[in-house]
>>> print(open('run-v8.txt').read())   # compact mmCIF, C-alpha atoms and all ligand atoms
# COMPACT_ATOMS: atom_id res chain seq x y z
CA TYR F 104 88.89 114.43 91.01
CA PRO F 105 89.39 114.19 94.78
CA LYS F 106 90.75 110.87 96.03
CA GLY F 107 87.41 109.87 97.63
CA THR F 108 85.50 110.35 94.37
CA ALA F 109 88.16 108.58 92.32
CA LEU F 110 88.21 105.56 94.66
CA THR F 111 84.41 105.31 94.83
CA VAL F 112 84.02 105.50 91.06
CA SER F 113 86.82 102.95 90.55
CA ALA F 114 85.18 100.52 92.99
CA SER F 115 81.79 101.03 91.31
CA LEU F 116 83.19 100.20 87.89
CA ALA F 117 85.58 97.42 88.93
CA GLN F 118 83.23 94.48 88.70
CA ILE F 119 82.50 92.81 85.35
CA GLY F 120 78.98 93.82 84.30
CA GLU F 121 76.12 91.49 83.40
CA PHE F 122 76.28 92.87 79.87
CA SER F 123 79.37 90.71 79.32
CA PHE F 124 77.16 87.58 79.77
CA ILE F 125 74.90 88.75 76.96
CA LEU F 126 77.84 89.46 74.66
CA ALA F 127 79.58 86.18 75.53
CA GLY F 128 76.32 84.22 75.07
CA LEU F 129 75.74 85.85 71.71
CA GLY F 130 79.34 85.21 70.67
CA ALA F 131 79.08 81.53 71.65
CA SER F 132 75.72 81.09 69.88
CA LEU F 133 77.17 82.61 66.69
CA GLY F 134 80.16 80.28 66.94
CA ILE F 135 82.72 83.10 67.09
CA LEU F 136 83.60 82.54 70.76
CA PRO F 137 84.62 79.12 72.14
CA GLU F 138 82.45 77.72 74.98
CA GLU F 139 85.55 77.70 77.25
CA ALA F 140 86.02 81.44 76.75
CA ARG F 141 82.40 82.07 77.73
CA ASP F 142 82.90 79.96 80.87
CA LEU F 143 86.05 81.88 81.75
CA ILE F 144 84.22 85.20 81.35
CA LEU F 145 81.45 83.89 83.60
CA ALA F 146 83.95 82.68 86.22
CA GLY F 147 85.81 86.02 86.14
CA ALA F 148 82.53 87.91 86.46
CA ILE F 149 81.36 85.83 89.43
CA LEU F 150 84.68 86.34 91.21
CA SER F 151 84.68 90.09 90.59
CA ILE F 152 81.01 90.39 91.67
CA LEU F 153 81.79 88.44 94.88
CA ALA F 154 84.81 90.61 95.64
CA ASN F 155 83.08 93.90 94.86
CA PRO F 156 81.03 94.43 98.08
CA PHE F 157 84.18 93.98 100.18
CA ILE F 158 86.23 96.36 98.04
CA PHE F 159 83.34 98.82 98.05
CA GLY F 160 82.91 98.63 101.83
CA LEU F 161 86.62 99.32 102.27
CA VAL F 162 86.56 102.27 99.88
CA VAL F 163 83.46 103.83 101.45
CA ARG F 164 85.09 103.63 104.90
CA LYS F 165 88.38 105.07 103.66
CA SER F 166 86.84 107.86 101.60
CA GLY F 167 84.37 109.05 104.25
CA GLU F 168 86.31 112.26 104.90
CA ALA F 169 87.03 112.98 101.26
CA ALA F 170 83.39 112.43 100.28
CA SER F 171 82.13 115.12 102.63
CA ALA F 172 84.62 117.66 101.33
CA THR F 173 82.32 119.62 99.01
CA PRO F 174 84.77 122.52 98.44
CA ALA F 175 87.30 120.09 96.91
CA ALA F 176 84.64 118.79 94.54
CA ASP F 177 83.78 122.35 93.54
CA ALA F 178 87.42 123.10 92.88
CA SER F 179 87.56 120.22 90.43
CA VAL F 180 84.50 121.68 88.68
CA SER F 181 86.31 124.92 87.93
CA ALA F 182 89.60 123.22 87.11
CA ALA F 183 88.08 121.08 84.36
CA ALA F 184 89.22 122.25 80.95
CA GLY F 185 87.07 124.29 78.58
CA ARG F 186 83.57 125.62 78.41
CA ALA F 187 80.73 123.45 79.69
CA VAL F 188 77.32 122.89 78.11
CA LEU F 189 74.65 122.01 80.68
CA VAL F 190 71.49 120.35 79.35
CA GLY F 191 68.36 120.76 81.48
CA TYR F 192 67.55 123.43 84.05
CA GLY F 193 65.49 121.27 86.40
CA ARG F 194 66.16 119.76 89.81
CA VAL F 195 69.68 118.56 88.98
CA GLY F 196 70.50 121.24 86.41
CA LYS F 197 69.73 124.12 88.80
CA SER F 198 72.02 122.70 91.44
CA LEU F 199 74.77 122.15 88.87
CA ALA F 200 74.39 125.69 87.53
CA ARG F 201 74.71 127.18 91.05
CA ARG F 202 77.85 125.16 91.69
CA LEU F 203 79.41 125.92 88.32
CA LYS F 204 78.77 129.63 88.90
CA ALA F 205 80.26 129.46 92.39
CA ALA F 206 83.32 127.79 90.88
CA HIS F 207 83.57 130.57 88.22
CA ALA F 208 83.25 128.00 85.44
CA ASP F 209 82.42 129.10 81.91
CA PHE F 210 79.14 127.44 80.85
CA VAL F 211 75.92 127.71 78.87
CA ILE F 212 72.55 126.11 79.66
CA VAL F 213 70.36 124.36 77.07
CA GLU F 214 66.70 124.19 78.18
CA GLU F 215 63.70 123.31 76.03
CA GLN F 216 60.90 124.82 78.16
CA ALA F 217 60.62 128.56 77.58
CA ASP F 218 59.56 129.38 81.16
CA ARG F 219 62.47 127.43 82.64
CA ALA F 220 64.86 129.06 80.16
CA ASP F 221 63.56 132.50 81.22
CA GLU F 222 64.01 131.56 84.86
CA ALA F 223 67.64 130.63 84.14
CA ARG F 224 68.22 133.90 82.29
CA ALA F 225 66.70 135.82 85.20
CA ALA F 226 69.20 134.05 87.47
CA GLY F 227 71.97 135.51 85.30
CA TYR F 228 72.92 132.48 83.23
CA GLU F 229 73.65 132.28 79.52
CA VAL F 230 70.87 130.14 77.97
CA VAL F 231 70.02 128.58 74.63
CA THR F 232 66.30 127.71 74.40
CA GLY F 233 65.80 124.48 72.49
CA ASN F 234 65.79 120.71 72.52
CA ALA F 235 69.30 119.31 72.94
CA THR F 236 68.51 116.28 70.77
CA HIS F 237 68.51 118.71 67.82
CA LEU F 238 71.81 119.30 66.08
CA GLN F 239 71.14 123.03 65.58
CA THR F 240 70.57 123.54 69.32
CA LEU F 241 73.84 121.84 70.21
CA GLU F 242 75.71 123.88 67.59
CA LYS F 243 74.08 127.09 68.84
CA ALA F 244 75.33 126.24 72.34
CA GLY F 245 78.88 125.97 70.93
CA LEU F 246 79.23 122.28 71.62
CA THR F 247 81.86 121.80 68.92
CA GLU F 248 84.31 123.95 70.91
CA ALA F 249 83.17 122.90 74.39
CA GLY F 250 85.27 120.85 76.82
CA ARG F 251 82.41 119.29 78.79
CA LEU F 252 78.80 118.28 78.34
CA LEU F 253 76.63 117.75 81.42
CA VAL F 254 73.37 116.00 80.54
CA ALA F 255 71.06 116.62 83.51
CA ILE F 256 67.70 115.44 82.17
CA PRO F 257 65.73 112.57 83.76
CA GLU F 258 64.94 110.51 80.62
CA GLY F 259 68.01 108.34 80.17
CA PHE F 260 67.23 107.16 76.67
CA GLU F 261 66.57 110.69 75.43
CA ALA F 262 69.86 111.62 77.07
CA GLY F 263 71.40 108.78 75.03
CA GLY F 264 70.31 110.54 71.83
CA ILE F 265 71.94 113.77 72.99
CA VAL F 266 75.15 111.96 73.97
CA HIS F 267 75.33 110.16 70.62
CA ARG F 268 74.91 113.37 68.62
CA ALA F 269 77.35 115.28 70.84
CA ARG F 270 80.01 112.57 70.52
CA ASP F 271 79.74 112.82 66.72
CA LEU F 272 80.07 116.61 66.85
CA ASN F 273 82.99 116.71 69.27
CA PRO F 274 85.05 113.50 69.68
CA GLY F 275 87.26 114.99 72.43
CA LEU F 276 84.32 116.14 74.58
CA ASN F 277 84.10 114.98 78.21
CA ILE F 278 80.49 113.81 78.54
CA ILE F 279 78.89 113.32 81.95
CA ALA F 280 75.30 112.07 82.00
CA ARG F 281 72.55 111.35 84.51
CA ALA F 282 70.79 107.97 84.63
CA HIS F 283 68.17 106.21 86.73
CA SER F 284 68.64 102.54 85.87
CA ALA F 285 71.43 100.07 85.05
CA GLU F 286 70.07 99.79 81.48
CA GLU F 287 70.34 103.55 81.01
CA VAL F 288 73.90 103.51 82.36
CA GLU F 289 74.86 100.82 79.85
CA ASP F 290 73.13 102.64 76.98
CA LEU F 291 74.72 106.00 77.79
CA ARG F 292 78.18 104.44 78.00
CA LEU F 293 77.70 102.65 74.68
CA ARG F 294 76.63 105.91 73.08
CA GLY F 295 79.81 107.65 74.17
CA ALA F 296 79.39 109.09 77.67
CA ASN F 297 82.66 109.23 79.63
CA HIS F 298 80.92 109.18 83.02
CA VAL F 299 77.38 108.19 83.97
CA VAL F 300 75.95 109.04 87.37
CA LEU F 301 73.20 106.73 88.56
CA GLY F 302 71.00 109.04 90.67
CA GLU F 303 69.82 106.57 93.28
CA GLU F 304 73.33 105.12 93.73
CA ALA F 305 74.85 108.59 94.18
CA ILE F 306 72.27 109.34 96.90
CA ALA F 307 72.98 106.02 98.62
CA LEU F 308 76.75 106.61 98.54
CA ARG F 309 76.34 110.08 99.96
CA MET F 310 74.14 108.73 102.76
CA LEU F 311 76.64 105.97 103.52
CA ALA F 312 79.41 108.55 103.68
CA GLY F 313 77.33 110.30 106.35
CA GLY F 314 77.07 113.68 104.66
CA SER F 315 75.11 115.64 102.13
CA ALA F 316 76.24 118.41 99.82
CA ALA F 317 75.41 121.85 101.19
CA PRO F 318 73.08 123.83 98.93
CA ALA F 319 75.10 126.42 96.98
P1 LIG F 401 64.08 117.71 86.17
O1 LIG F 401 63.10 116.64 85.74
O2 LIG F 401 63.55 118.54 87.31
O3 LIG F 401 65.45 117.19 86.43
O4 LIG F 401 64.18 118.72 84.95
C1 LIG F 401 64.68 118.37 83.70
C2 LIG F 401 64.77 119.61 82.82
O5 LIG F 401 65.38 119.22 81.59
C3 LIG F 401 63.40 120.22 82.48
O6 LIG F 401 63.46 121.61 82.71
C4 LIG F 401 63.22 119.89 81.01
O7 LIG F 401 62.50 120.90 80.31
C5 LIG F 401 64.66 119.81 80.52
N1 LIG F 401 64.83 118.93 79.35
C6 LIG F 401 64.39 117.64 79.23
N2 LIG F 401 64.73 117.12 78.03
C7 LIG F 401 65.43 118.11 77.38
C8 LIG F 401 66.07 118.20 76.10
N3 LIG F 401 66.08 117.18 75.26
N4 LIG F 401 66.68 119.36 75.77
C9 LIG F 401 66.69 120.42 76.63
N5 LIG F 401 66.12 120.41 77.84
C10 LIG F 401 65.49 119.27 78.23
>>> encode(input="run-v8.txt", output="C-alpha cells")
Amino acid sequence: YPKGTALTVSASLAQIGEFSFILAGLGASLGILPEEARDLILAGAILSILANPFIFGLVVRKSGEAASATPAADASVSAAAGRAVLVGYGRVGKSLARRLKAAHADFVIVEEQADRADEARAAGYEVVTGNATHLQTLEKAGLTEAGRLLVAIPEGFEAGGIVHRARDLNPGLNIIARAHSAEEVEDLRLRGANHVVLGEEAIALRMLAGGSAAPA
C-alpha cells in the first residue's frame, strides 16, 4: 500500500482497544488473570488512547499528499496477488468494480439481487448470482482459489458470516470487509478479516486529508 495509507492504518490500529478491558475483566473474574495484570492492561490502554490523537494528527498531516494520490491506490489494487471476489454490487461495490476494472484486476462479483446482478453483467462484469453467506455461492465464485475477498455489503454481522465461511474455505485469503460500527469492526476481525474499513471513519479521514477520490 502507499505510504499514506500504511501510516493512517497503522495509527488507527495502534491504540489498545476497549475489547481488551472486557477480556481482562473476564479473565480476572474467572481467576485466570491476576488483578495486577488487569491494572497494567488498563494503564497501557489509557496511555495508548491518550497518545493516539497526537500520533494520528501527525500522520494525517504527513500523509496529506499521499492520501490524495488515487492513481497510486489503484496501482496497488492491480498489484495485489490473485483473483478477487467482490461481494455486493451496491453503492460501494459498484465503485470498487469500476476501480478494479480500471486497474485490469481479475475479479468476479457475487450479488444476491437478480436485477443488480443483471446490471453488473450488462456493465461487462463476470457475476455469480446468489447469497454469499451460502457455501455453494462462494465455491461457484471460485473462492477456494482466490487471492482476495472484498465484502462490500452494509450489514456488518451478515458480512461476518461471509468472512467466517470464507476463512474456513481459504485460510490464505486476504479478506477486506466493510463495517459501520466499532462492534462490527471487532466482530469482523474476530471472524478472520485481515482488514476492516469503517465507512464513516474512511470518509472523515478523506475529508481531513482535503481530497476525495475521483469517480472512475
Ligand atoms: P449497498 O447497500 O448500496 O451498499 O448495496 C449492497 C449490495 O449488496 C446490494 O446490491 C445487495 O443486494 C448486496 N448484498 C447484500 N447482502 C448480500 C449477500 N449476503 N450476498 C450477496 N450480495 C449481497
>>> closest_residue(input="run-v8.txt", among="F:Ser113, F:Gly275, F:Asp209, F:Gly313", to="Phe159 (chain F)", atoms="all atoms listed in the file")
F:Ser113
>>> residues_around(input="run-v8.txt", residues="region 214-227 of chain F", least_positions_apart="2", cutoff="6 Å", atoms="all atoms listed in the file", output="list in words")
Gly191, Tyr192, Thr232, Gly233 and Asn234 of chain F
>>> closest_atom_pairs(input="run-v8.txt", of="chain F", to="ligand LIG 401 (chain F)", cutoff="10 Å", atoms="all atoms listed in the file", output="CSV")
residue,atom,partner,partner_atom,distance
F:Leu189,CA,F:LIG401,C9,9.1
F:Val190,CA,F:LIG401,C9,5.5
F:Gly191,CA,F:LIG401,O5,3.4
F:Tyr192,CA,F:LIG401,O6,4.7
F:Gly193,CA,F:LIG401,O4,3.2
F:Arg194,CA,F:LIG401,O2,3.8
F:Val195,CA,F:LIG401,O3,5.1
F:Gly196,CA,F:LIG401,O3,6.5
F:Lys197,CA,F:LIG401,O2,8.5
F:Ser198,CA,F:LIG401,O3,9.9
F:Ile212,CA,F:LIG401,C9,8.7
F:Val213,CA,F:LIG401,C9,5.4
F:Glu214,CA,F:LIG401,N5,3.8
F:Glu215,CA,F:LIG401,N5,4.2
F:Gln216,CA,F:LIG401,O7,4.7
F:Ala217,CA,F:LIG401,O7,8.3
F:Asp218,CA,F:LIG401,O6,8.8
F:Arg219,CA,F:LIG401,O6,5.9
F:Ala220,CA,F:LIG401,O6,8.0
F:Val231,CA,F:LIG401,C9,9.0
F:Thr232,CA,F:LIG401,C9,7.6
F:Gly233,CA,F:LIG401,C9,5.9
F:Asn234,CA,F:LIG401,N4,3.6
F:Ala235,CA,F:LIG401,N4,3.9
F:Thr236,CA,F:LIG401,N3,5.2
F:His237,CA,F:LIG401,N3,8.0
F:Thr240,CA,F:LIG401,N4,8.6
F:Leu241,CA,F:LIG401,N4,9.4
F:Val254,CA,F:LIG401,O5,8.7
F:Ala255,CA,F:LIG401,O3,6.4
F:Ile256,CA,F:LIG401,O5,4.5
F:Pro257,CA,F:LIG401,O1,5.2
F:Glu258,CA,F:LIG401,N2,7.1
F:Gly259,CA,F:LIG401,N2,9.6
F:Glu261,CA,F:LIG401,N3,6.5
F:Ala262,CA,F:LIG401,N3,7.0
F:Gly263,CA,F:LIG401,N3,9.9
F:Gly264,CA,F:LIG401,N3,8.6
F:Ile265,CA,F:LIG401,N3,7.1
F:Arg281,CA,F:LIG401,O3,9.4
>>> closest_residue(input="run-v8.txt", among="F:Ala280, F:Ala187, F:Val163, F:Leu293", to="Met310 (chain F)", atoms="all atoms listed in the file")
F:Val163
>>> closest_residue(input="run-v8.txt", among="F:Leu238, F:Leu129, F:Leu110, F:Leu301", to="Gly160 (chain F)", atoms="all atoms listed in the file")
F:Leu110
>>> atom_distance(input="run-v8.txt", atom1="CA of Ala269 (chain F)", atom2="CA of Gln239 (chain F)")
11.2 Å
>>> atom_distance(input="run-v8.txt", atom1="CA of Val188 (chain F)", atom2="CA of Gly245 (chain F)")
8.0 Å
>>> closest_residue(input="run-v8.txt", among="F:Asp271, F:Glu121, F:Glu139, F:Glu287", to="Ile152 (chain F)", atoms="only C-alpha atoms")
F:Glu121
>>> closest_residue(input="run-v8.txt", among="F:Gly107, F:Arg292, F:Ile144, F:Leu136", to="Phe124 (chain F)", atoms="all atoms listed in the file")
F:Ile144
>>> atom_distance(input="run-v8.txt", atom1="CA of Asp142 (chain F)", atom2="CA of Ile119 (chain F)")
13.6 Å
>>> closest_residue(input="run-v8.txt", among="F:Ala296, F:Val162, F:Leu291, F:Ile149", to="Leu276 (chain F)", atoms="all atoms listed in the file")
F:Ala296
>>> build_atoms(input="run-v8.txt", residues="region 186-197 of chain F", atoms="all heavy atoms", output="CSV table (one decimal), in the coordinates of the input")
chain,number,residue,atom,x,y,z
F,186,ARG,N,84.9,125.1,78.1
F,186,ARG,CA,83.6,125.6,78.4
F,186,ARG,C,82.7,124.4,78.6
F,186,ARG,O,82.8,123.4,77.9
F,186,ARG,CB,83.1,126.4,77.2
F,186,ARG,CG,81.8,127.1,77.3
F,186,ARG,CD,81.8,128.1,76.1
F,186,ARG,NE,80.5,128.5,75.7
F,186,ARG,CZ,79.8,129.5,76.4
F,186,ARG,NH1,80.4,130.1,77.4
F,186,ARG,NH2,78.6,129.9,76.0
F,187,ALA,N,81.7,124.6,79.5
F,187,ALA,CA,80.7,123.4,79.7
F,187,ALA,C,79.4,123.8,79.1
F,187,ALA,O,78.9,124.9,79.1
F,187,ALA,CB,80.6,123.2,81.2
F,188,VAL,N,78.7,122.7,78.6
F,188,VAL,CA,77.3,122.9,78.1
F,188,VAL,C,76.5,122.0,79.1
F,188,VAL,O,76.7,120.9,79.2
F,188,VAL,CB,77.2,122.4,76.7
F,188,VAL,CG1,75.7,122.4,76.2
F,188,VAL,CG2,78.0,123.2,75.7
F,189,LEU,N,75.5,122.7,79.7
F,189,LEU,CA,74.6,122.0,80.7
F,189,LEU,C,73.2,121.8,80.1
F,189,LEU,O,72.6,122.8,79.8
F,189,LEU,CB,74.6,122.8,82.0
F,189,LEU,CG,73.5,122.5,83.0
F,189,LEU,CD1,73.7,121.1,83.5
F,189,LEU,CD2,73.6,123.5,84.2
F,190,VAL,N,72.8,120.6,79.9
F,190,VAL,CA,71.5,120.4,79.4
F,190,VAL,C,70.5,120.1,80.5
F,190,VAL,O,70.6,119.2,81.2
F,190,VAL,CB,71.5,119.2,78.4
F,190,VAL,CG1,70.1,118.9,77.8
F,190,VAL,CG2,72.5,119.4,77.2
F,191,GLY,N,69.4,120.9,80.5
F,191,GLY,CA,68.4,120.8,81.5
F,191,GLY,C,68.5,121.7,82.7
F,191,GLY,O,69.6,121.6,83.3
F,192,TYR,N,67.5,122.5,82.9
F,192,TYR,CA,67.6,123.4,84.0
F,192,TYR,C,66.4,123.0,85.0
F,192,TYR,O,65.5,123.8,85.2
F,192,TYR,CB,67.4,124.9,83.6
F,192,TYR,CG,67.7,125.9,84.7
F,192,TYR,CD1,68.9,126.0,85.3
F,192,TYR,CD2,66.7,126.7,85.1
F,192,TYR,CE1,69.2,127.0,86.3
F,192,TYR,CE2,66.9,127.7,86.1
F,192,TYR,CZ,68.1,127.8,86.7
F,192,TYR,OH,68.4,128.7,87.7
F,193,GLY,N,66.5,121.8,85.5
F,193,GLY,CA,65.5,121.3,86.4
F,193,GLY,C,66.1,121.1,87.8
F,193,GLY,O,67.0,121.8,88.2
F,194,ARG,N,65.7,120.0,88.4
F,194,ARG,CA,66.2,119.8,89.8
F,194,ARG,C,67.7,119.6,89.9
F,194,ARG,O,68.3,120.2,90.7
F,194,ARG,CB,65.5,118.5,90.4
F,194,ARG,CG,64.0,118.7,90.7
F,194,ARG,CD,63.3,117.4,90.7
F,194,ARG,NE,63.3,116.7,89.4
F,194,ARG,CZ,62.8,115.5,89.2
F,194,ARG,NH1,62.3,114.8,90.2
F,194,ARG,NH2,62.9,114.9,88.1
F,195,VAL,N,68.2,118.8,89.0
F,195,VAL,CA,69.7,118.6,89.0
F,195,VAL,C,70.4,119.7,88.3
F,195,VAL,O,71.4,120.2,88.8
F,195,VAL,CB,70.0,117.2,88.3
F,195,VAL,CG1,71.5,117.0,88.2
F,195,VAL,CG2,69.3,116.1,89.0
F,196,GLY,N,69.9,120.2,87.2
F,196,GLY,CA,70.5,121.2,86.4
F,196,GLY,C,70.7,122.5,87.2
F,196,GLY,O,71.7,123.2,87.1
F,197,LYS,N,69.7,122.9,88.0
F,197,LYS,CA,69.7,124.1,88.8
F,197,LYS,C,70.9,124.0,89.8
F,197,LYS,O,71.6,125.0,90.0
F,197,LYS,CB,68.4,124.4,89.5
F,197,LYS,CG,67.4,125.0,88.7
F,197,LYS,CD,66.1,125.2,89.4
F,197,LYS,CE,65.0,125.5,88.5
F,197,LYS,NZ,63.6,125.6,89.1
